[in-house]
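Peer 1: Pasting work-v4.cif below, which is mmCIF, C-alpha atoms, pLDDT in the B column; chains and numbers go by the auth columns.
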data_start
#
loop_
_atom_site.group_PDB
_atom_site.id
_atom_site.type_symbol
_atom_site.label_atom_id
_atom_site.label_comp_id
_atom_site.label_asym_id
_atom_site.label_seq_id
_atom_site.Cartn_x
_atom_site.Cartn_y
_atom_site.Cartn_z
_atom_site.B_iso_or_equiv
_atom_site.auth_seq_id
_atom_site.auth_asym_id
ATOM 1 C CA GLN A 1 -42.468 13.560 -1.589 79.00 276 A
ATOM 2 C CA LYS A 2 -40.723 13.822 -4.945 78.00 277 A
ATOM 3 C CA PHE A 3 -38.625 16.782 -3.775 77.00 278 A
ATOM 4 C CA ILE A 4 -38.255 16.104 -0.059 81.00 279 A
ATOM 5 C CA THR A 5 -38.575 12.642 1.416 87.00 280 A
ATOM 6 C CA PRO A 6 -40.581 11.763 4.540 85.00 281 A
ATOM 7 C CA LEU A 7 -37.305 10.693 6.154 86.00 282 A
ATOM 8 C CA ALA A 8 -35.947 14.238 5.804 89.00 283 A
ATOM 9 C CA PHE A 9 -39.025 15.681 7.531 82.00 284 A
ATOM 10 C CA LYS A 10 -38.853 13.038 10.237 86.00 285 A
ATOM 11 C CA THR A 11 -35.172 13.725 10.848 90.00 286 A
ATOM 12 C CA LEU A 12 -35.499 17.521 10.901 87.00 287 A
ATOM 13 C CA SER A 13 -38.698 17.685 12.949 84.00 288 A
ATOM 14 C CA HIS A 14 -37.959 14.795 15.318 85.00 289 A
ATOM 15 C CA ASN A 15 -41.595 13.745 14.793 79.00 290 A
ATOM 16 C CA PRO A 16 -43.287 10.922 12.942 76.00 291 A
ATOM 17 C CA VAL A 17 -44.359 11.658 9.374 80.00 292 A
ATOM 18 C CA MET A 18 -47.554 10.222 7.955 78.00 293 A
ATOM 19 C CA THR A 19 -47.786 10.005 4.174 79.00 294 A
ATOM 20 C CA ASP A 20 -50.210 7.149 3.747 74.00 295 A
ATOM 21 C CA LEU A 21 -53.557 6.428 5.334 70.00 296 A
ATOM 22 C CA TYR A 22 -52.243 3.052 6.416 69.00 297 A
ATOM 23 C CA ASP A 23 -49.050 4.283 8.117 62.00 298 A
ATOM 24 C CA GLU A 24 -49.905 2.873 11.517 61.00 299 A
ATOM 25 C CA GLU A 25 -47.150 3.221 14.110 61.00 300 A
ATOM 26 C CA ASN A 26 -49.386 3.114 17.196 60.00 301 A
ATOM 27 C CA GLY A 27 -50.728 -0.404 16.976 63.00 302 A
ATOM 28 C CA TRP A 28 -54.501 -0.622 16.646 63.00 303 A
ATOM 29 C CA GLN A 29 -55.245 3.116 16.865 71.00 304 A
ATOM 30 C CA PRO A 30 -55.760 4.721 13.434 74.00 305 A
ATOM 31 C CA ALA A 31 -53.050 7.369 13.191 80.00 306 A
ATOM 32 C CA HIS A 32 -55.211 9.763 11.180 81.00 307 A
ATOM 33 C CA ILE A 33 -57.849 9.813 13.937 85.00 308 A
ATOM 34 C CA THR A 34 -55.241 10.302 16.672 84.00 309 A
ATOM 35 C CA LEU A 35 -53.691 13.214 14.743 86.00 310 A
ATOM 36 C CA ALA A 36 -57.113 14.776 14.137 88.00 311 A
ATOM 37 C CA ASP A 37 -58.053 14.411 17.819 90.00 312 A
ATOM 38 C CA GLU A 38 -54.812 15.956 19.098 89.00 313 A
ATOM 39 C CA ALA A 39 -54.517 18.843 16.625 91.00 314 A
ATOM 40 C CA ASP A 40 -54.829 22.506 17.538 94.00 315 A
ATOM 41 C CA VAL A 41 -54.469 23.474 13.892 96.00 316 A
ATOM 42 C CA LEU A 42 -54.221 21.765 10.518 96.00 317 A
ATOM 43 C CA LEU A 43 -52.342 23.878 7.989 97.00 318 A
ATOM 44 C CA ILE A 44 -52.533 22.841 4.355 97.00 319 A
ATOM 45 C CA ALA A 45 -49.912 24.716 2.361 95.00 320 A
ATOM 46 C CA PRO A 46 -49.752 24.814 -0.544 95.00 321 A
ATOM 47 C CA ALA A 47 -53.376 23.921 -1.163 97.00 322 A
ATOM 48 C CA THR A 48 -54.209 23.031 -4.756 96.00 323 A
ATOM 49 C CA ALA A 49 -57.573 23.365 -6.484 97.00 324 A
ATOM 50 C CA ASN A 50 -57.822 19.589 -6.178 97.00 325 A
ATOM 51 C CA ILE A 51 -57.434 19.547 -2.393 98.00 326 A
ATOM 52 C CA LEU A 52 -59.928 22.420 -2.025 98.00 327 A
ATOM 53 C CA ALA A 53 -62.494 20.443 -4.023 98.00 328 A
ATOM 54 C CA ARG A 54 -61.884 17.271 -2.053 98.00 329 A
ATOM 55 C CA LEU A 55 -62.181 19.082 1.275 98.00 330 A
ATOM 56 C CA ALA A 56 -65.327 20.965 0.226 98.00 331 A
ATOM 57 C CA HIS A 57 -67.025 17.761 -0.893 98.00 332 A
ATOM 58 C CA GLY A 58 -65.908 15.603 2.030 97.00 333 A
ATOM 59 C CA ILE A 59 -63.788 13.264 -0.064 96.00 334 A
ATOM 60 C CA ALA A 60 -61.488 11.480 2.368 93.00 335 A
ATOM 61 C CA ASP A 61 -59.358 9.125 0.282 92.00 336 A
ATOM 62 C CA ASP A 62 -55.874 9.762 1.652 91.00 337 A
ATOM 63 C CA ALA A 63 -54.170 10.603 4.940 89.00 338 A
ATOM 64 C CA LEU A 64 -54.510 14.382 4.602 93.00 339 A
ATOM 65 C CA THR A 65 -58.199 14.439 3.698 95.00 340 A
ATOM 66 C CA CYS A 66 -59.048 11.857 6.373 93.00 341 A
ATOM 67 C CA ILE A 67 -57.300 13.963 9.019 94.00 342 A
ATOM 68 C CA ALA A 68 -59.114 17.078 7.795 96.00 343 A
ATOM 69 C CA LEU A 69 -62.511 15.370 7.832 96.00 344 A
ATOM 70 C CA ALA A 70 -61.943 13.968 11.342 95.00 345 A
ATOM 71 C CA LEU A 71 -60.449 17.197 12.747 95.00 346 A
ATOM 72 C CA ASN A 72 -61.668 17.888 16.266 92.00 347 A
ATOM 73 C CA ALA A 73 -64.208 20.701 16.636 90.00 348 A
ATOM 74 C CA ASN A 74 -61.780 22.958 18.534 92.00 349 A
ATOM 75 C CA ALA A 75 -59.013 22.751 15.941 95.00 350 A
ATOM 76 C CA LYS A 76 -58.576 25.350 13.225 95.00 351 A
ATOM 77 C CA LEU A 77 -58.314 24.427 9.557 97.00 352 A
ATOM 78 C CA VAL A 78 -55.947 26.848 7.838 97.00 353 A
ATOM 79 C CA ILE A 79 -55.577 26.755 4.066 98.00 354 A
ATOM 80 C CA ALA A 80 -52.920 28.546 2.009 98.00 355 A
ATOM 81 C CA PRO A 81 -53.868 28.146 -1.662 97.00 356 A
ATOM 82 C CA ALA A 82 -51.421 28.170 -4.544 96.00 357 A
ATOM 83 C CA MET A 83 -52.424 27.545 -8.149 96.00 358 A
ATOM 84 C CA ASN A 84 -52.756 29.042 -11.596 94.00 359 A
ATOM 85 C CA GLY A 85 -54.810 32.241 -11.548 93.00 360 A
ATOM 86 C CA LYS A 86 -57.426 30.846 -13.929 94.00 361 A
ATOM 87 C CA MET A 87 -57.868 27.855 -11.647 95.00 362 A
ATOM 88 C CA TRP A 88 -58.181 30.108 -8.585 97.00 363 A
ATOM 89 C CA SER A 89 -60.804 32.348 -10.223 95.00 364 A
ATOM 90 C CA HIS A 90 -62.843 29.461 -11.671 98.00 365 A
ATOM 91 C CA ALA A 91 -66.405 29.353 -10.349 98.00 366 A
ATOM 92 C CA ALA A 92 -65.988 25.804 -9.033 98.00 367 A
ATOM 93 C CA THR A 93 -62.909 26.747 -7.005 98.00 368 A
ATOM 94 C CA GLN A 94 -64.582 29.878 -5.656 98.00 369 A
ATOM 95 C CA GLN A 95 -67.642 27.831 -4.643 98.00 370 A
ATOM 96 C CA ASN A 96 -65.368 25.355 -2.852 98.00 371 A
ATOM 97 C CA VAL A 97 -63.630 28.237 -1.046 98.00 372 A
ATOM 98 C CA ALA A 98 -67.015 29.665 0.000 98.00 373 A
ATOM 99 C CA THR A 99 -68.117 26.254 1.275 98.00 374 A
ATOM 100 C CA LEU A 100 -64.943 25.797 3.303 98.00 375 A
ATOM 101 C CA LYS A 101 -65.136 29.336 4.723 98.00 376 A
ATOM 102 C CA SER A 102 -68.760 28.729 5.737 98.00 377 A
ATOM 103 C CA ARG A 103 -67.506 25.738 7.754 96.00 378 A
ATOM 104 C CA GLY A 104 -64.902 27.869 9.521 96.00 379 A
ATOM 105 C CA ALA A 105 -61.792 27.317 7.421 97.00 380 A
ATOM 106 C CA GLU A 106 -59.335 30.202 7.513 96.00 381 A
ATOM 107 C CA PHE A 107 -57.680 31.145 4.219 97.00 382 A
ATOM 108 C CA ILE A 108 -54.253 32.726 3.971 96.00 383 A
ATOM 109 C CA GLY A 109 -53.840 34.096 0.473 94.00 384 A
ATOM 110 C CA PRO A 110 -53.338 33.638 -2.338 95.00 385 A
ATOM 111 C CA GLU A 111 -51.519 36.747 -3.481 92.00 386 A
ATOM 112 C CA LYS A 112 -50.713 38.265 -6.856 92.00 387 A
ATOM 113 C CA GLY A 113 -47.349 37.615 -8.432 89.00 388 A
ATOM 114 C CA MET A 114 -45.365 35.329 -10.678 85.00 389 A
ATOM 115 C CA LEU A 115 -46.819 31.834 -10.654 84.00 390 A
ATOM 116 C CA SER A 116 -44.939 28.571 -11.099 84.00 391 A
ATOM 117 C CA CYS A 117 -46.682 28.058 -14.464 82.00 392 A
ATOM 118 C CA GLY A 118 -44.955 31.180 -15.795 85.00 393 A
ATOM 119 C CA TYR A 119 -48.080 33.356 -15.724 85.00 394 A
ATOM 120 C CA GLU A 120 -48.516 36.349 -13.484 88.00 395 A
ATOM 121 C CA GLY A 121 -51.691 36.799 -11.477 88.00 396 A
ATOM 122 C CA LEU A 122 -53.641 35.921 -8.358 92.00 397 A
ATOM 123 C CA GLY A 123 -52.776 32.435 -7.161 90.00 398 A
ATOM 124 C CA ARG A 124 -49.294 32.751 -5.677 93.00 399 A
ATOM 125 C CA LEU A 125 -48.587 31.159 -2.301 94.00 400 A
ATOM 126 C CA TRP A 126 -48.113 33.692 0.484 95.00 401 A
ATOM 127 C CA PRO A 127 -44.554 33.908 1.852 94.00 402 A
ATOM 128 C CA ILE A 128 -43.876 30.938 4.142 95.00 403 A
ATOM 129 C CA ASP A 129 -42.858 33.091 7.116 95.00 404 A
ATOM 130 C CA GLU A 130 -46.128 35.046 6.846 95.00 405 A
ATOM 131 C CA ILE A 131 -48.145 31.817 6.643 96.00 406 A
ATOM 132 C CA ALA A 132 -46.370 30.525 9.760 95.00 407 A
ATOM 133 C CA LYS A 133 -46.867 33.801 11.657 96.00 408 A
ATOM 134 C CA ARG A 134 -50.574 34.018 10.807 94.00 409 A
ATOM 135 C CA THR A 135 -51.140 30.334 11.631 95.00 410 A
ATOM 136 C CA LEU A 136 -49.436 30.636 15.005 94.00 411 A
ATOM 137 C CA ALA A 137 -51.519 33.734 15.799 93.00 412 A
ATOM 138 C CA LEU A 138 -54.702 31.734 15.182 87.00 413 A
ATOM 139 C CA VAL A 139 -53.834 29.125 17.809 84.00 414 A
ATOM 140 C CA LYS A 140 -52.780 31.492 20.584 78.00 415 A
#
If you convert what's in this file into structure tokens, what do you get?
Peer 2:
Amino acid sequence: QKFITPLAFKTLSHNPVMTDLYDEENGWQPAHITLADEADVLLIAPATANILARLAHGIADDALTCIALALNANAKLVIAPAMNGKMWSHAATQQNVATLKSRGAEFIGPEKGMLSCGYEGLGRLWPIDEIAKRTLALVK
């Protein structure tokens, strides 16, 4: 939200944008439950080590993690990690990835390359067009 505002996403997508657990535009119905019920896929990209840990441990303290935890059984959870290579290879992160995979989460990446921290290694976000193509293939 520091780079691109919710209003920009709303304007470009012609869809509502939820950034807070308490963004309720549909009256009494919790928006995060409605989104989770109606989803075919939930793509989290880029996924940080923090979000992987929160998802693996069932911590639902914001809109994204609440939607993920309430995701309907037929929906796919797709995760595209991006982080420092040392963070990606850390045993805790790898355990969280294994936990999420065992629950059916699909991982796209990461790949090797130049990282935003200035290091080179495994942890780079896959190209956006490839993430989109792979995600769409999963819901067809």
Peer 1: Since I can't run it myself right now, could you work out what the PyMOL selection byres ((chain A and resi 391-405) around 7) selects here and report it as number ranges by chain?
Peer 2: A: 321, 355-360, 363, 384-390, 406-409
Peer 1: Please identify every residue of region 337-390 of chain A that has at least one atom no farther than 8 Å from an atom of region 281-300 of chain A, counting all atoms listed in the file, and for each give the shortest atom pair and the distance in Å to one decimal, arranged by chain then increasing number, as a Markdown table.
Peer 2:
| residue | atom | partner | partner_atom | distance |
| --- | --- | --- | --- | --- |
| A:Asp337 | CA | A:Leu296 | CA | 5.5 |
| A:Ala338 | CA | A:Leu296 | CA | 4.2 |
| A:Cys341 | CA | A:Leu296 | CA | 7.8 |
Peer 1: Using the chain letters and residue numbers of this document, give as a short mmCIF file (atom, residue, chain, number, x, y, z; two decimals) with C-alpha atoms, keeping the file's coordinate frame the residues selected by the PyMOL selection byres ((chain A and resi 322-331) around 8).
Peer 2:
data_model
loop_
_atom_site.label_atom_id
_atom_site.label_comp_id
_atom_site.auth_asym_id
_atom_site.auth_seq_id
_atom_site.Cartn_x
_atom_site.Cartn_y
_atom_site.Cartn_z
CA ILE A 319 -52.53 22.84 4.36
CA ALA A 320 -49.91 24.72 2.36
CA PRO A 321 -49.75 24.81 -0.54
CA HIS A 332 -67.03 17.76 -0.89
CA GLY A 333 -65.91 15.60 2.03
CA ILE A 334 -63.79 13.26 -0.06
CA ALA A 335 -61.49 11.48 2.37
CA THR A 340 -58.20 14.44 3.70
CA ALA A 343 -59.11 17.08 7.80
CA LEU A 344 -62.51 15.37 7.83
CA ILE A 354 -55.58 26.76 4.07
CA ALA A 355 -52.92 28.55 2.01
CA PRO A 356 -53.87 28.15 -1.66
CA ALA A 357 -51.42 28.17 -4.54
CA MET A 358 -52.42 27.54 -8.15
CA MET A 362 -57.87 27.86 -11.65
CA TRP A 363 -58.18 30.11 -8.59
CA THR A 368 -62.91 26.75 -7.00
CA ASN A 371 -65.37 25.36 -2.85
CA VAL A 372 -63.63 28.24 -1.05
CA THR A 374 -68.12 26.25 1.27
CA LEU A 375 -64.94 25.80 3.30
#
Peer 1: Please indicate the distance in Å from CA of Leu310 (chain A) to CA of Ile342 (chain A), rounded to one decimal place.
Peer 2: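 Value for the CA of Leu310 (chain A)-CA of Ile342 (chain A) distance: 6.8 Å.
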Peer 1: Which value, in Å to one decimal, gives the distance between CA of Ala380 (chain A) and CA of Leu352 (chain A)?
Peer 2: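 Atom-to-atom, CA of Ala380 (chain A) to CA of Leu352 (chain A), that is 5.0 Å.
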Peer 1: In Å, rounded to a single decimal, give me how far CA of Asn347 (chain A) is from CA of Gln276 (chain A).
Peer 2: 26.6 Å
Peer 1: List the spatial neighbours of Val316 (chain A) as a list in words - criterion: any atom at most 9 Å away, all atoms listed in the file, same-chain residues fewer than 2 positions off excluded.
Peer 2: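 Once the nearby chain positions are removed, what remains is Ala314, Leu318, Leu346, Asn349, Ala350, Lys351, Leu352, Val353, Thr410, Leu411, Leu413 and Val414 of chain A.
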Peer 1: Report the centre and edge lengths, in Å to one decimal, of an axis-aligned box enclosing every atom of region 343-361 of chain A listed in the file, padded by 3 Å on each side, as AutoDock Vina command-line options.
Peer 2:
--center_x -57.8 --center_y 23.1 --center_z 2.3 --size_x 18.8 --size_y 24.3 --size_z 38.5
Peer 1: Reconstruct N, CA and C atoms of region 375-386 of chain A; output as a CSV table (one decimal), in the coordinates of the input.
Peer 2:
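Here's the written file selection-v5.csv:
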chain,number,residue,atom,x,y,z
A,375,LEU,N,-65.9,26.0,2.2
A,375,LEU,CA,-64.9,25.8,3.3
A,375,LEU,C,-65.0,26.9,4.3
A,376,LYS,N,-65.0,28.2,3.8
A,376,LYS,CA,-65.1,29.3,4.7
A,376,LYS,C,-66.4,29.3,5.6
A,377,SER,N,-67.5,28.8,5.0
A,377,SER,CA,-68.8,28.7,5.7
A,377,SER,C,-68.7,27.7,6.8
A,378,ARG,N,-67.7,26.8,6.7
A,378,ARG,CA,-67.5,25.7,7.8
A,378,ARG,C,-66.4,26.2,8.7
A,379,GLY,N,-65.9,27.4,8.6
A,379,GLY,CA,-64.9,27.9,9.5
A,379,GLY,C,-63.5,27.8,9.1
A,380,ALA,N,-63.2,27.4,7.9
A,380,ALA,CA,-61.8,27.3,7.4
A,380,ALA,C,-61.3,28.7,7.3
A,381,GLU,N,-60.0,28.9,7.6
A,381,GLU,CA,-59.3,30.2,7.5
A,381,GLU,C,-58.4,30.1,6.3
A,382,PHE,N,-58.5,31.1,5.4
A,382,PHE,CA,-57.7,31.1,4.2
A,382,PHE,C,-56.6,32.2,4.4
A,383,ILE,N,-55.4,31.8,4.0
A,383,ILE,CA,-54.3,32.7,4.0
A,383,ILE,C,-53.8,32.8,2.5
A,384,GLY,N,-54.2,33.9,1.9
A,384,GLY,CA,-53.8,34.1,0.5
A,384,GLY,C,-54.9,33.5,-0.4
A,385,PRO,N,-54.6,33.4,-1.7
A,385,PRO,CA,-53.3,33.6,-2.3
A,385,PRO,C,-53.1,35.1,-2.6
A,386,GLU,N,-51.9,35.4,-3.1
A,386,GLU,CA,-51.5,36.7,-3.5
A,386,GLU,C,-51.2,36.8,-5.0
